[in-house]
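Report on one structure; see the data block that follows.
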Amino acid sequence: MKSYKQFKARLLKDKEIKKFYKELEPEFELVRILIRKRLERGFTQQELARKVGTKQSAISRLESGRYNPTIQVLRKVAEALNADLKISIR
């Protein structure tokens with residue numbers, strides 16, 4: 001069985017797939033950061049949801065990338081994770 005990295009590298013050889021992947025990179029990066037911060041704090045999705053004032057399923061959707069959060073939601077999550085929210089346009 002091939003590794004994920006090998007599979008991803010093969011897919012990204014396709015120019016169209018690579019284009020869409022690059023367009024989604026900010027979302028992928030946000031998800032990676034949120035999951036990393038949650039795990040660093042030792043929180044389960046349920047615990048983070050309780051601190052944010054939402055349901056575990058909402059945190060799951062956020063971490064899966066299936067949810068487009070508002071800045072207000074991101075602010076609440078950052079606060080619950082004792083982290084700073086910084087947004088930039090370059």
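The way I read the labels, and the way they are meant: chains A, B, ... in the order of the structure tokens, residue 1 as the first residue of every chain, and ligand 1 as the first ligand shown, with later ones counted on from there.
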Quiz item: Out of chain A, which residues get alpha helix (DSSP H) from DSSP, as JSON, numbers by chain?
Solution: {"A": [4, 5, 6, 7, 8, 9, 10, 11, 15, 16, 17, 18, 19, 20, 21, 22, 23, 24, 25, 26, 27, 28, 29, 30, 31, 32, 33, 34, 35, 36, 37, 38, 39, 40, 45, 46, 47, 48, 49, 50, 51, 52, 56, 57, 58, 59, 60, 61, 62, 63, 64, 71, 72, 73, 74, 75, 76, 77, 78, 79, 80]}
Find the spatial neighbours of region 86-90 of chain A, counting only C-alpha atoms, within a cut-off of 10 Å - ignore same-chain residues fewer than 4 positions away - and output them as a PDB file with C-alpha atoms, in the first residue's frame.
```pdb
ATOM      1  CA  ILE A  71     -14.615  35.552  12.337  1.00  0.00           C
ATOM      2  CA  LEU A  74     -12.883  31.765  15.116  1.00  0.00           C
ATOM      3  CA  ARG A  75     -12.482  34.412  17.833  1.00  0.00           C
ATOM      4  CA  ALA A  78      -9.119  31.072  19.742  1.00  0.00           C
TER       5      ALA A  78
END
```
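Residues in contact with Glu63 (chain A) at 10 Å, where only C-alpha atoms are counted and same-chain residues fewer than 6 positions away are skipped, are listed as Glu27, Phe28, Leu30, Val31, Arg32, Ile33, Leu34, Ile35, Gln45 and Ser57 of chain A.
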With C-alpha atoms retained, export the selected residues as a PDB file, in the first residue's frame.
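out.pdb was written with the following content:
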```pdb
ATOM      1  CA  GLU A  27      -8.514  26.301   4.759  1.00  0.00           C
ATOM      2  CA  PHE A  28      -6.172  23.311   5.178  1.00  0.00           C
ATOM      3  CA  LEU A  30      -6.505  26.767   9.441  1.00  0.00           C
ATOM      4  CA  VAL A  31      -7.714  23.244  10.159  1.00  0.00           C
ATOM      5  CA  ARG A  32      -4.174  22.033  10.919  1.00  0.00           C
ATOM      6  CA  ILE A  33      -3.596  24.941  13.319  1.00  0.00           C
ATOM      7  CA  LEU A  34      -6.906  24.457  15.139  1.00  0.00           C
ATOM      8  CA  ILE A  35      -6.371  20.729  15.619  1.00  0.00           C
ATOM      9  CA  GLN A  45     -13.589  18.115  20.694  1.00  0.00           C
ATOM     10  CA  SER A  57     -20.417  18.171  16.037  1.00  0.00           C
TER      11      SER A  57
END
```
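Atom pair CA of Ser64 (chain A) / CA of Leu24 (chain A) has a distance of 12.7 Å (rounded to one decimal).
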Quiz item: Could you pull the residues within 6 Å of region 49-53 of chain A, counting only C-alpha atoms, minus those fewer than 5 positions along the same chain, as JSON, numbers by chain?
Solution: {"A": [76, 77, 80]}
Writing out the chosen residues with C-alpha atoms as an mmCIF file, in the first residue's frame:
```cif
data_model
loop_
_atom_site.group_PDB
_atom_site.id
_atom_site.type_symbol
_atom_site.label_atom_id
_atom_site.label_comp_id
_atom_site.auth_asym_id
_atom_site.auth_seq_id
_atom_site.Cartn_x
_atom_site.Cartn_y
_atom_site.Cartn_z
ATOM 1 C CA LYS A 76 -14.427 32.235 20.312
ATOM 2 C CA VAL A 77 -12.391 29.159 19.423
ATOM 3 C CA ALA A 80 -11.157 28.920 24.322
#
```
Quiz item: Of the residues A:Leu85, A:Ala58, A:Gly65, A:Asp14, which is the one nearest to Glu29 (chain A), using only C-alpha atoms?
Solution: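 Answer, going by the shortest atom-to-atom distance: A:Gly65.
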